[in-house]
$ cat work_1.pdb   # PDB, C-alpha atoms
ATOM      1  CA  MET A 596      -2.719  -2.312  13.024  1.00  0.00           C
ATOM      2  CA  LEU A 597       0.754  -2.916  11.570  1.00  0.00           C
ATOM      3  CA  ARG A 598       3.844  -3.218  13.723  1.00  0.00           C
ATOM      4  CA  ILE A 599       7.298  -3.769  12.261  1.00  0.00           C
ATOM      5  CA  GLU A 600       9.968  -4.669  14.840  1.00  0.00           C
ATOM      6  CA  HIS A 601      13.675  -4.753  13.963  1.00  0.00           C
ATOM      7  CA  LEU A 602      13.025  -6.034  10.450  1.00  0.00           C
ATOM      8  CA  THR A 603      16.167  -7.125   8.590  1.00  0.00           C
ATOM      9  CA  LYS A 604      16.356  -8.646   5.117  1.00  0.00           C
ATOM     10  CA  GLN A 605      19.621  -9.456   3.339  1.00  0.00           C
ATOM     11  CA  TYR A 606      20.450 -10.401  -0.226  1.00  0.00           C
ATOM     12  CA  GLY A 607      23.935 -11.885   0.025  1.00  0.00           C
ATOM     13  CA  GLU A 608      26.116  -9.230   1.660  1.00  0.00           C
ATOM     14  CA  LYS A 609      23.651  -6.406   1.030  1.00  0.00           C
ATOM     15  CA  LYS A 610      21.117  -5.467   3.694  1.00  0.00           C
ATOM     16  CA  ALA A 611      18.023  -4.402   1.751  1.00  0.00           C
ATOM     17  CA  VAL A 612      16.276  -3.595   5.055  1.00  0.00           C
ATOM     18  CA  ASP A 613      18.371  -2.943   8.152  1.00  0.00           C
ATOM     19  CA  ASP A 614      16.801  -3.131  11.642  1.00  0.00           C
ATOM     20  CA  LEU A 615      13.624  -1.265  10.678  1.00  0.00           C
ATOM     21  CA  SER A 616      10.915  -0.588  13.275  1.00  0.00           C
ATOM     22  CA  LEU A 617       7.629   1.222  12.497  1.00  0.00           C
ATOM     23  CA  GLN A 618       4.085   1.284  13.840  1.00  0.00           C
ATOM     24  CA  ILE A 619       0.983   2.140  11.822  1.00  0.00           C
ATOM     25  CA  LYS A 620      -2.107   2.690  13.967  1.00  0.00           C
ATOM     26  CA  PRO A 621      -5.824   2.454  13.082  1.00  0.00           C
ATOM     27  CA  GLY A 622      -7.016   5.685  11.470  1.00  0.00           C
ATOM     28  CA  GLU A 623      -3.614   6.544   9.998  1.00  0.00           C
ATOM     29  CA  ILE A 624      -2.457   7.091   6.445  1.00  0.00           C
ATOM     30  CA  TYR A 625       1.251   6.346   6.730  1.00  0.00           C
ATOM     31  CA  GLY A 626       3.608   7.303   3.904  1.00  0.00           C
ATOM     32  CA  PHE A 627       6.841   5.414   3.242  1.00  0.00           C
ATOM     33  CA  ILE A 628       9.345   7.554   1.373  1.00  0.00           C
ATOM     34  CA  GLY A 629      12.710   6.894  -0.215  1.00  0.00           C
ATOM     35  CA  HIS A 630      14.555   6.690  -3.518  1.00  0.00           C
ATOM     36  CA  ASN A 631      14.375   3.585  -5.722  1.00  0.00           C
ATOM     37  CA  GLY A 632      16.401   0.843  -4.061  1.00  0.00           C
ATOM     38  CA  ALA A 633      15.935   2.293  -0.560  1.00  0.00           C
ATOM     39  CA  GLY A 634      14.166  -0.862   0.684  1.00  0.00           C
ATOM     40  CA  LYS A 635      10.518   0.207   0.401  1.00  0.00           C
ATOM     41  CA  THR A 636       9.259  -2.669  -1.775  1.00  0.00           C
ATOM     42  CA  THR A 637      11.221  -5.279   0.216  1.00  0.00           C
ATOM     43  CA  THR A 638       9.621  -3.995   3.441  1.00  0.00           C
ATOM     44  CA  ILE A 639       6.138  -3.950   1.910  1.00  0.00           C
ATOM     45  CA  LYS A 640       6.443  -7.498   0.539  1.00  0.00           C
ATOM     46  CA  ALA A 641       7.657  -8.731   3.924  1.00  0.00           C
ATOM     47  CA  CYS A 642       4.634  -7.079   5.603  1.00  0.00           C
ATOM     48  CA  CYS A 643       2.301  -8.890   3.206  1.00  0.00           C
ATOM     49  CA  GLY A 644       3.881 -12.311   3.806  1.00  0.00           C
ATOM     50  CA  ILE A 645       5.209 -12.503   0.245  1.00  0.00           C
ATOM     51  CA  LEU A 646       8.890 -12.260   1.144  1.00  0.00           C
ATOM     52  CA  PRO A 647      10.592 -14.111   4.013  1.00  0.00           C
ATOM     53  CA  PHE A 648      12.921 -12.040   6.194  1.00  0.00           C
ATOM     54  CA  ASP A 649      16.059 -12.809   8.154  1.00  0.00           C
ATOM     55  CA  SER A 650      15.264 -11.329  11.548  1.00  0.00           C
ATOM     56  CA  GLY A 651      12.724  -9.204  13.361  1.00  0.00           C
ATOM     57  CA  GLU A 652       8.960  -9.558  13.505  1.00  0.00           C
ATOM     58  CA  ILE A 653       5.903  -8.138  11.758  1.00  0.00           C
ATOM     59  CA  TYR A 654       2.468  -8.039  13.387  1.00  0.00           C
ATOM     60  CA  ILE A 655      -0.852  -7.405  11.644  1.00  0.00           C
ATOM     61  CA  GLY A 656      -3.666  -6.689  14.099  1.00  0.00           C
ATOM     62  CA  GLY A 657      -1.513  -8.197  16.851  1.00  0.00           C
ATOM     63  CA  LYS A 658      -0.848 -11.440  14.917  1.00  0.00           C
ATOM     64  CA  SER A 659       2.587 -12.504  13.684  1.00  0.00           C
ATOM     65  CA  ILE A 660       2.932 -12.722   9.884  1.00  0.00           C
ATOM     66  CA  LYS A 661       5.395 -15.595  10.452  1.00  0.00           C
ATOM     67  CA  GLU A 662       3.191 -17.624  12.791  1.00  0.00           C
ATOM     68  CA  SER A 663      -0.299 -16.775  11.447  1.00  0.00           C
ATOM     69  CA  PRO A 664       0.197 -15.885   7.767  1.00  0.00           C
ATOM     70  CA  LEU A 665      -3.335 -16.751   6.598  1.00  0.00           C
ATOM     71  CA  GLU A 666      -5.008 -14.885   9.432  1.00  0.00           C
ATOM     72  CA  CYS A 667      -2.825 -11.836   8.749  1.00  0.00           C
ATOM     73  CA  LYS A 668      -3.445 -11.935   5.007  1.00  0.00           C
ATOM     74  CA  SER A 669      -7.220 -12.104   5.552  1.00  0.00           C
ATOM     75  CA  MET A 670      -7.020  -8.725   7.331  1.00  0.00           C
ATOM     76  CA  LEU A 671      -5.063  -6.895   4.660  1.00  0.00           C
ATOM     77  CA  ALA A 672      -5.029  -5.974   0.986  1.00  0.00           C
ATOM     78  CA  TYR A 673      -1.849  -5.540  -1.021  1.00  0.00           C
ATOM     79  CA  ILE A 674      -1.559  -3.492  -4.200  1.00  0.00           C
ATOM     80  CA  PRO A 675       1.813  -3.867  -5.943  1.00  0.00           C
ATOM     81  CA  ASP A 676       3.321  -1.153  -8.122  1.00  0.00           C
ATOM     82  CA  ASN A 677       2.752  -3.273 -11.216  1.00  0.00           C
ATOM     83  CA  PRO A 678      -0.371  -5.426 -10.713  1.00  0.00           C
ATOM     84  CA  ASP A 679       0.005  -8.958 -12.048  1.00  0.00           C
ATOM     85  CA  LEU A 680      -3.558  -9.910 -12.978  1.00  0.00           C
ATOM     86  CA  TYR A 681      -4.995 -12.935 -14.791  1.00  0.00           C
ATOM     87  CA  ASP A 682      -5.213 -11.691 -18.374  1.00  0.00           C
ATOM     88  CA  PHE A 683      -7.424 -14.575 -19.510  1.00  0.00           C
ATOM     89  CA  MET A 684     -10.229 -13.473 -17.157  1.00  0.00           C
ATOM     90  CA  THR A 685     -12.656 -10.631 -17.684  1.00  0.00           C
ATOM     91  CA  GLY A 686     -12.642  -7.813 -15.134  1.00  0.00           C
ATOM     92  CA  ILE A 687     -15.812  -9.058 -13.420  1.00  0.00           C
ATOM     93  CA  GLN A 688     -14.524 -12.659 -13.312  1.00  0.00           C
ATOM     94  CA  TYR A 689     -11.366 -11.475 -11.588  1.00  0.00           C
ATOM     95  CA  LEU A 690     -13.299  -9.440  -9.004  1.00  0.00           C
ATOM     96  CA  ASN A 691     -15.576 -12.399  -8.258  1.00  0.00           C
ATOM     97  CA  PHE A 692     -12.518 -14.665  -7.984  1.00  0.00           C
ATOM     98  CA  VAL A 693     -10.969 -12.347  -5.359  1.00  0.00           C
ATOM     99  CA  ALA A 694     -14.311 -12.007  -3.551  1.00  0.00           C
ATOM    100  CA  ASP A 695     -14.573 -15.839  -3.430  1.00  0.00           C
ATOM    101  CA  ILE A 696     -11.095 -16.131  -1.886  1.00  0.00           C
ATOM    102  CA  PHE A 697     -12.020 -13.702   0.888  1.00  0.00           C
ATOM    103  CA  GLY A 698     -15.499 -15.169   1.397  1.00  0.00           C
ATOM    104  CA  VAL A 699     -17.388 -11.977   0.495  1.00  0.00           C
ATOM    105  CA  SER A 700     -21.161 -12.560   0.370  1.00  0.00           C
ATOM    106  CA  ALA A 701     -23.026 -12.213  -2.940  1.00  0.00           C
ATOM    107  CA  SER A 702     -24.989  -9.131  -1.826  1.00  0.00           C
ATOM    108  CA  SER A 703     -21.970  -7.407  -0.292  1.00  0.00           C
ATOM    109  CA  ARG A 704     -19.723  -7.996  -3.301  1.00  0.00           C
ATOM    110  CA  GLU A 705     -22.374  -6.796  -5.735  1.00  0.00           C
ATOM    111  CA  GLU A 706     -22.792  -3.544  -3.816  1.00  0.00           C
ATOM    112  CA  LEU A 707     -19.044  -2.946  -3.391  1.00  0.00           C
ATOM    113  CA  ILE A 708     -18.089  -3.854  -6.975  1.00  0.00           C
ATOM    114  CA  HIS A 709     -20.829  -1.573  -8.270  1.00  0.00           C
ATOM    115  CA  ARG A 710     -19.736   1.296  -5.993  1.00  0.00           C
ATOM    116  CA  TYR A 711     -16.010   1.142  -6.725  1.00  0.00           C
ATOM    117  CA  ALA A 712     -16.305   0.308 -10.447  1.00  0.00           C
ATOM    118  CA  ASP A 713     -18.535   3.373 -10.825  1.00  0.00           C
ATOM    119  CA  THR A 714     -16.103   5.496  -8.803  1.00  0.00           C
ATOM    120  CA  PHE A 715     -13.153   4.504 -10.997  1.00  0.00           C
ATOM    121  CA  GLU A 716     -15.253   4.587 -14.203  1.00  0.00           C
ATOM    122  CA  LEU A 717     -14.552   0.949 -14.993  1.00  0.00           C
ATOM    123  CA  THR A 718     -18.104  -0.453 -14.979  1.00  0.00           C
ATOM    124  CA  ALA A 719     -18.424  -0.467 -18.793  1.00  0.00           C
ATOM    125  CA  ASP A 720     -15.152  -2.411 -19.124  1.00  0.00           C
ATOM    126  CA  LEU A 721     -15.761  -5.187 -16.599  1.00  0.00           C
ATOM    127  CA  ALA A 722     -17.052  -7.574 -19.288  1.00  0.00           C
ATOM    128  CA  GLN A 723     -13.837  -7.130 -21.307  1.00  0.00           C
ATOM    129  CA  PRO A 724     -10.840  -9.476 -20.942  1.00  0.00           C
ATOM    130  CA  ILE A 725      -8.086  -8.028 -18.744  1.00  0.00           C
ATOM    131  CA  SER A 726      -5.666  -8.607 -21.632  1.00  0.00           C
ATOM    132  CA  ALA A 727      -7.402  -5.692 -23.410  1.00  0.00           C
ATOM    133  CA  TYR A 728      -6.915  -3.325 -20.440  1.00  0.00           C
ATOM    134  CA  SER A 729      -4.432  -0.443 -20.410  1.00  0.00           C
ATOM    135  CA  HIS A 730      -1.980  -0.152 -17.487  1.00  0.00           C
ATOM    136  CA  GLY A 731      -4.234   2.451 -15.843  1.00  0.00           C
ATOM    137  CA  MET A 732      -7.292   0.209 -16.149  1.00  0.00           C
ATOM    138  CA  LYS A 733      -5.384  -2.709 -14.623  1.00  0.00           C
ATOM    139  CA  GLN A 734      -4.369  -0.448 -11.748  1.00  0.00           C
ATOM    140  CA  LYS A 735      -8.006   0.514 -11.186  1.00  0.00           C
ATOM    141  CA  LEU A 736      -9.097  -3.144 -11.265  1.00  0.00           C
ATOM    142  CA  ALA A 737      -6.400  -4.034  -8.726  1.00  0.00           C
ATOM    143  CA  LEU A 738      -7.642  -1.219  -6.469  1.00  0.00           C
ATOM    144  CA  ILE A 739     -11.251  -2.423  -6.696  1.00  0.00           C
ATOM    145  CA  SER A 740     -10.168  -6.013  -5.957  1.00  0.00           C
ATOM    146  CA  ALA A 741      -8.335  -4.758  -2.854  1.00  0.00           C
ATOM    147  CA  LEU A 742     -11.345  -2.805  -1.582  1.00  0.00           C
ATOM    148  CA  ILE A 743     -14.151  -5.350  -2.039  1.00  0.00           C
ATOM    149  CA  HIS A 744     -13.307  -7.447   1.021  1.00  0.00           C
ATOM    150  CA  GLU A 745     -13.169  -4.288   3.184  1.00  0.00           C
ATOM    151  CA  PRO A 746      -9.711  -4.936   4.653  1.00  0.00           C
ATOM    152  CA  LYS A 747      -8.636  -3.382   7.968  1.00  0.00           C
ATOM    153  CA  LEU A 748      -5.187  -2.640   6.529  1.00  0.00           C
ATOM    154  CA  ILE A 749      -4.243  -1.669   2.978  1.00  0.00           C
ATOM    155  CA  ILE A 750      -0.604  -1.833   1.915  1.00  0.00           C
ATOM    156  CA  MET A 751       0.242  -0.185  -1.410  1.00  0.00           C
ATOM    157  CA  ASP A 752       3.442   0.180  -3.403  1.00  0.00           C
ATOM    158  CA  GLU A 753       3.411   3.413  -5.463  1.00  0.00           C
ATOM    159  CA  PRO A 754      -0.406   3.348  -5.863  1.00  0.00           C
ATOM    160  CA  PHE A 755      -0.672   6.591  -7.869  1.00  0.00           C
ATOM    161  CA  VAL A 756       1.662   5.562 -10.697  1.00  0.00           C
ATOM    162  CA  GLY A 757      -0.375   5.039 -13.875  1.00  0.00           C
ATOM    163  CA  LEU A 758      -3.577   6.586 -12.531  1.00  0.00           C
ATOM    164  CA  ASP A 759      -5.135   9.575 -14.273  1.00  0.00           C
ATOM    165  CA  PRO A 760      -5.710  12.723 -12.154  1.00  0.00           C
ATOM    166  CA  LYS A 761      -9.392  11.964 -11.539  1.00  0.00           C
ATOM    167  CA  ALA A 762      -8.709   8.388 -10.395  1.00  0.00           C
ATOM    168  CA  SER A 763      -5.872   9.660  -8.163  1.00  0.00           C
ATOM    169  CA  HIS A 764      -8.265  12.119  -6.544  1.00  0.00           C
ATOM    170  CA  GLN A 765     -10.883   9.387  -5.998  1.00  0.00           C
ATOM    171  CA  LEU A 766      -8.282   7.075  -4.458  1.00  0.00           C
ATOM    172  CA  LYS A 767      -7.142   9.776  -2.016  1.00  0.00           C
ATOM    173  CA  GLU A 768     -10.763  10.316  -0.908  1.00  0.00           C
ATOM    174  CA  ILE A 769     -11.306   6.557  -0.466  1.00  0.00           C
ATOM    175  CA  MET A 770      -8.075   6.264   1.555  1.00  0.00           C
ATOM    176  CA  ARG A 771      -9.195   9.010   3.917  1.00  0.00           C
ATOM    177  CA  THR A 772     -12.680   7.494   4.315  1.00  0.00           C
ATOM    178  CA  ILE A 773     -11.229   4.061   5.145  1.00  0.00           C
ATOM    179  CA  CYS A 774      -8.986   5.583   7.823  1.00  0.00           C
ATOM    180  CA  ASP A 775     -11.804   7.745   9.214  1.00  0.00           C
ATOM    181  CA  GLU A 776     -13.703   4.457   9.702  1.00  0.00           C
ATOM    182  CA  GLY A 777     -10.837   2.912  11.689  1.00  0.00           C
ATOM    183  CA  GLY A 778      -8.788   1.281   8.949  1.00  0.00           C
ATOM    184  CA  ALA A 779      -5.081   1.912   8.312  1.00  0.00           C
ATOM    185  CA  ILE A 780      -3.071   2.510   5.146  1.00  0.00           C
ATOM    186  CA  PHE A 781       0.666   2.052   4.612  1.00  0.00           C
ATOM    187  CA  PHE A 782       1.910   3.106   1.195  1.00  0.00           C
ATOM    188  CA  SER A 783       5.179   3.890  -0.519  1.00  0.00           C
ATOM    189  CA  THR A 784       5.609   6.854  -2.802  1.00  0.00           C
ATOM    190  CA  HIS A 785       8.302   9.009  -4.309  1.00  0.00           C
ATOM    191  CA  VAL A 786       5.773  11.756  -5.094  1.00  0.00           C
ATOM    192  CA  LEU A 787       6.482  14.019  -2.128  1.00  0.00           C
ATOM    193  CA  GLU A 788       3.590  16.415  -2.843  1.00  0.00           C
ATOM    194  CA  VAL A 789       1.127  13.522  -2.469  1.00  0.00           C
ATOM    195  CA  ALA A 790       2.682  12.449   0.832  1.00  0.00           C
ATOM    196  CA  GLU A 791       2.676  16.014   2.138  1.00  0.00           C
ATOM    197  CA  LYS A 792      -1.033  16.534   1.494  1.00  0.00           C
ATOM    198  CA  LEU A 793      -2.301  13.067   2.347  1.00  0.00           C
ATOM    199  CA  CYS A 794      -0.298  11.463   5.140  1.00  0.00           C
ATOM    200  CA  ASP A 795      -0.833  11.643   8.890  1.00  0.00           C
ATOM    201  CA  ARG A 796       2.629  10.198   9.493  1.00  0.00           C
ATOM    202  CA  ILE A 797       5.629   9.406   7.305  1.00  0.00           C
ATOM    203  CA  ALA A 798       8.859   7.447   7.449  1.00  0.00           C
ATOM    204  CA  ILE A 799      11.906   8.219   5.318  1.00  0.00           C
ATOM    205  CA  ILE A 800      14.192   5.291   4.503  1.00  0.00           C
ATOM    206  CA  LYS A 801      17.617   5.220   2.870  1.00  0.00           C
ATOM    207  CA  GLY A 802      19.842   2.221   2.212  1.00  0.00           C
ATOM    208  CA  GLY A 803      17.426   0.028   4.150  1.00  0.00           C
ATOM    209  CA  ARG A 804      17.663   2.151   7.303  1.00  0.00           C
ATOM    210  CA  LEU A 805      15.055   4.445   8.814  1.00  0.00           C
ATOM    211  CA  ILE A 806      16.430   7.998   8.860  1.00  0.00           C
ATOM    212  CA  LYS A 807      13.369   9.915  10.099  1.00  0.00           C
ATOM    213  CA  SER A 808       9.740   9.243  11.060  1.00  0.00           C
ATOM    214  CA  GLY A 809       6.847  10.984  12.771  1.00  0.00           C
ATOM    215  CA  THR A 810       3.881  13.213  12.034  1.00  0.00           C
ATOM    216  CA  MET A 811       4.169  15.499   9.033  1.00  0.00           C
ATOM    217  CA  ASP A 812       4.862  18.486  11.328  1.00  0.00           C
ATOM    218  CA  GLU A 813       7.513  16.581  13.296  1.00  0.00           C
ATOM    219  CA  VAL A 814       9.353  15.532  10.152  1.00  0.00           C
ATOM    220  CA  ARG A 815       8.911  18.725   8.203  1.00  0.00           C
ATOM    221  CA  GLY A 816       9.068  21.531  10.764  1.00  0.00           C
ATOM    222  CA  ASP A 817       8.869  24.850   8.927  1.00  0.00           C
ATOM    223  CA  GLU A 818      10.328  23.495   5.689  1.00  0.00           C
ATOM    224  CA  SER A 819       8.758  21.723   2.736  1.00  0.00           C
ATOM    225  CA  LEU A 820       8.913  17.934   2.763  1.00  0.00           C
ATOM    226  CA  GLU A 821      11.061  18.075  -0.373  1.00  0.00           C
ATOM    227  CA  SER A 822      13.683  20.252   1.379  1.00  0.00           C
ATOM    228  CA  VAL A 823      13.772  17.937   4.406  1.00  0.00           C
ATOM    229  CA  PHE A 824      14.012  14.842   2.217  1.00  0.00           C
ATOM    230  CA  LEU A 825      16.899  16.218   0.156  1.00  0.00           C
ATOM    231  CA  GLU A 826      18.675  17.414   3.298  1.00  0.00           C
ATOM    232  CA  LEU A 827      18.334  14.036   5.000  1.00  0.00           C
ATOM    233  CA  GLU A 828      19.471  12.210   1.861  1.00  0.00           C
ATOM    234  CA  GLU A 829      22.603  14.364   1.756  1.00  0.00           C
ATOM    235  CA  ASN A 830      23.407  14.024   5.452  1.00  0.00           C
ATOM    236  CA  HIS A 831      23.010  10.245   5.371  1.00  0.00           C
ATOM    237  CA  GLY A 832      25.004   9.787   2.170  1.00  0.00           C
TER     238      GLY A 832
END
$ encode --input "work_1.pdb" --output "structure tokens"
Amino acid sequence: MLRIEHLTKQYGEKKAVDDLSLQIKPGEIYGFIGHNGAGKTTTIKACCGILPFDSGEIYIGGKSIKESPLECKSMLAYIPDNPDLYDFMTGIQYLNFVADIFGVSASSREELIHRYADTFELTADLAQPISAYSHGMKQKLALISALIHEPKLIIMDEPFVGLDPKASHQLKEIMRTICDEGGAIFFSTHVLEVAEKLCDRIAIIKGGRLIKSGTMDEVRGDESLESVFLELEENHG
């Protein structure tokens, strides 16, 4: 579903991402782990076609993000760590705007907006302007907007930051359902407990370079993910 091949992105002399290769298959929740500044957000933005990169290639559903950006973007949803929404719109106007962009039918959008707004307890607030929303409410609205066109691939940057425990639990259940139905999810997190419980596979990145990847058992062995992460960080200092 998502294939990253030898991705490199530089800012001046600094390599933010250095020869990174990963593959996320249908049905997988794939966690992307590393400290702040490790290169997670740069990689994610490159995968979504937001950020150009210096070398390598990224494929979404077999299509190149460089050569077929619109086709790739139509297959995916991106949720940034700090959603930048249109504050002058109401919640429902924003969701309809996103649904229009992705060509979601009237009946389908009504059903999906209703389902996910109820799930995230946002239905009563959809008539309010987004400018009146708290950070958590904006995060929920961004999640709903990502889900209503039923993307094959969802890419998320720290999706659990700002969500209350109930919304976090609902999101985890939705993520698993999407993958059980053949979708794929690639998300960054620094909350190792979440990754440990949720992910089928993980990749650990430091200084723009991949230092370990595989299934949770392959990466973790008999230790906790936290122990492995700290050990790897130290050894690749």
$ resolve_selection --input "work_1.pdb" --expression "the PyMOL selection byres ((chain A and resi 606-619) around 6)" --output "list in words"
Met596, Leu597, Arg598, Ile599, Glu600, His601, Leu602, Thr603, Lys604, Gln605, Lys620, Gly634, Gly803 and Arg804 of chain A
$ resolve_selection --input "work_1.pdb" --expression "the PyMOL selection byres ((chain A and resi 790) around 12)" --output "PyMOL selection string"
chain A and resi 624-629+753-755+767+781-789+791-799+810-811+814-815+819-821+824
$ closest_residue --input "work_1.pdb" --among "A:Tyr728, A:Ile739, A:Glu652, A:Lys761" --to "Glu705 (chain A)" --atoms "all atoms listed in the file"
A:Ile739
$ axis_aligned_box --input "work_1.pdb" --around "region 763-780 of chain A" --padding-each-side "8 Å" --output "JSON"
{"center_x": -8.4, "center_y": 6.7, "center_z": 1.8, "size_x": 26.6, "size_y": 26.8, "size_z": 35.9}
$ residues_around --input "work_1.pdb" --residues "Ile769 (chain A)" --least-positions-apart "2" --cutoff "12 Å" --atoms "all atoms listed in the file" --output "list in words"
Ile624, Arg710, Tyr711, Thr714, Phe715, Leu738, Ile739, Ala741, Leu742, Glu745, Ile749, Ala762, Ser763, His764, Gln765, Leu766, Lys767, Arg771, Thr772, Ile773, Cys774, Asp775, Glu776, Gly778, Ala779, Ile780 and Leu793 of chain A
$ residues_around --input "work_1.pdb" --residues "His730 (chain A)" --least-positions-apart "5" --cutoff "9 Å" --atoms "only C-alpha atoms" --output "list of chain:residue names"
A:Asn677, A:Pro678, A:Lys735, A:Gly757, A:Leu758
$ closest_residue --input "work_1.pdb" --among "A:Pro621, A:Glu826, A:Asp759, A:Gly816" --to "Ser729 (chain A)" --atoms "all atoms listed in the file"
A:Asp759
$ atom_distance --input "work_1.pdb" --atom1 "CA of Ala719 (chain A)" --atom2 "CA of Leu748 (chain A)"
28.7 Å
$ resolve_selection --input "work_1.pdb" --expression "the PyMOL selection byres ((chain A and resi 685-690) around 12)" --output "number ranges by chain"
A: 679-684, 691-697, 699, 701, 704-705, 707-709, 711-712, 717-728, 732-744
$ build_atoms --input "work_1.pdb" --residues "region 615-622 of chain A" --atoms "all heavy atoms" --output "mmCIF file, in the coordinates of the input"
data_model
loop_
_atom_site.group_PDB
_atom_site.id
_atom_site.type_symbol
_atom_site.label_atom_id
_atom_site.label_comp_id
_atom_site.auth_asym_id
_atom_site.auth_seq_id
_atom_site.Cartn_x
_atom_site.Cartn_y
_atom_site.Cartn_z
ATOM 1 N N LEU A 615 14.701 -2.257 10.831
ATOM 2 C CA LEU A 615 13.624 -1.265 10.678
ATOM 3 C C LEU A 615 12.482 -1.532 11.660
ATOM 4 O O LEU A 615 11.987 -2.664 11.746
ATOM 5 C CB LEU A 615 13.081 -1.316 9.241
ATOM 6 C CG LEU A 615 11.913 -0.383 8.921
ATOM 7 C CD1 LEU A 615 12.357 1.069 8.886
ATOM 8 C CD2 LEU A 615 11.265 -0.753 7.586
ATOM 9 N N SER A 616 12.073 -0.498 12.371
ATOM 10 C CA SER A 616 10.915 -0.588 13.275
ATOM 11 C C SER A 616 9.955 0.561 12.977
ATOM 12 O O SER A 616 10.375 1.729 12.931
ATOM 13 C CB SER A 616 11.353 -0.524 14.739
ATOM 14 O OG SER A 616 12.144 -1.638 15.079
ATOM 15 N N LEU A 617 8.672 0.222 12.769
ATOM 16 C CA LEU A 617 7.629 1.222 12.497
ATOM 17 C C LEU A 617 6.316 0.725 13.093
ATOM 18 O O LEU A 617 6.108 -0.485 13.218
ATOM 19 C CB LEU A 617 7.408 1.389 10.991
ATOM 20 C CG LEU A 617 8.444 2.100 10.124
ATOM 21 C CD1 LEU A 617 8.006 2.048 8.673
ATOM 22 C CD2 LEU A 617 8.646 3.530 10.563
ATOM 23 N N GLN A 618 5.427 1.670 13.403
ATOM 24 C CA GLN A 618 4.085 1.284 13.840
ATOM 25 C C GLN A 618 3.039 2.135 13.140
ATOM 26 O O GLN A 618 3.118 3.362 13.152
ATOM 27 C CB GLN A 618 3.948 1.430 15.362
ATOM 28 C CG GLN A 618 2.617 0.886 15.861
ATOM 29 C CD GLN A 618 2.574 0.760 17.377
ATOM 30 O OE1 GLN A 618 3.545 1.060 18.057
ATOM 31 N NE2 GLN A 618 1.461 0.326 17.905
ATOM 32 N N ILE A 619 2.075 1.452 12.515
ATOM 33 C CA ILE A 619 0.983 2.140 11.822
ATOM 34 C C ILE A 619 -0.292 1.835 12.604
ATOM 35 O O ILE A 619 -0.674 0.673 12.753
ATOM 36 C CB ILE A 619 0.862 1.672 10.346
ATOM 37 C CG1 ILE A 619 2.078 2.166 9.541
ATOM 38 C CG2 ILE A 619 -0.400 2.204 9.694
ATOM 39 C CD1 ILE A 619 3.264 1.276 9.565
ATOM 40 N N LYS A 620 -0.941 2.876 13.098
ATOM 41 C CA LYS A 620 -2.107 2.690 13.967
ATOM 42 C C LYS A 620 -3.414 2.827 13.184
ATOM 43 O O LYS A 620 -3.435 3.451 12.123
ATOM 44 C CB LYS A 620 -2.078 3.749 15.084
ATOM 45 C CG LYS A 620 -0.882 3.608 16.016
ATOM 46 C CD LYS A 620 -0.824 4.789 16.966
ATOM 47 C CE LYS A 620 0.429 4.699 17.826
ATOM 48 N NZ LYS A 620 0.668 5.952 18.554
ATOM 49 N N PRO A 621 -4.514 2.262 13.725
ATOM 50 C CA PRO A 621 -5.824 2.454 13.082
ATOM 51 C C PRO A 621 -6.117 3.940 12.913
ATOM 52 O O PRO A 621 -5.815 4.751 13.795
ATOM 53 C CB PRO A 621 -6.802 1.816 14.079
ATOM 54 C CG PRO A 621 -5.984 0.810 14.826
ATOM 55 C CD PRO A 621 -4.613 1.400 14.918
ATOM 56 N N GLY A 622 -6.678 4.287 11.751
ATOM 57 C CA GLY A 622 -7.016 5.685 11.470
ATOM 58 C C GLY A 622 -5.924 6.465 10.778
ATOM 59 O O GLY A 622 -6.123 7.625 10.431
#
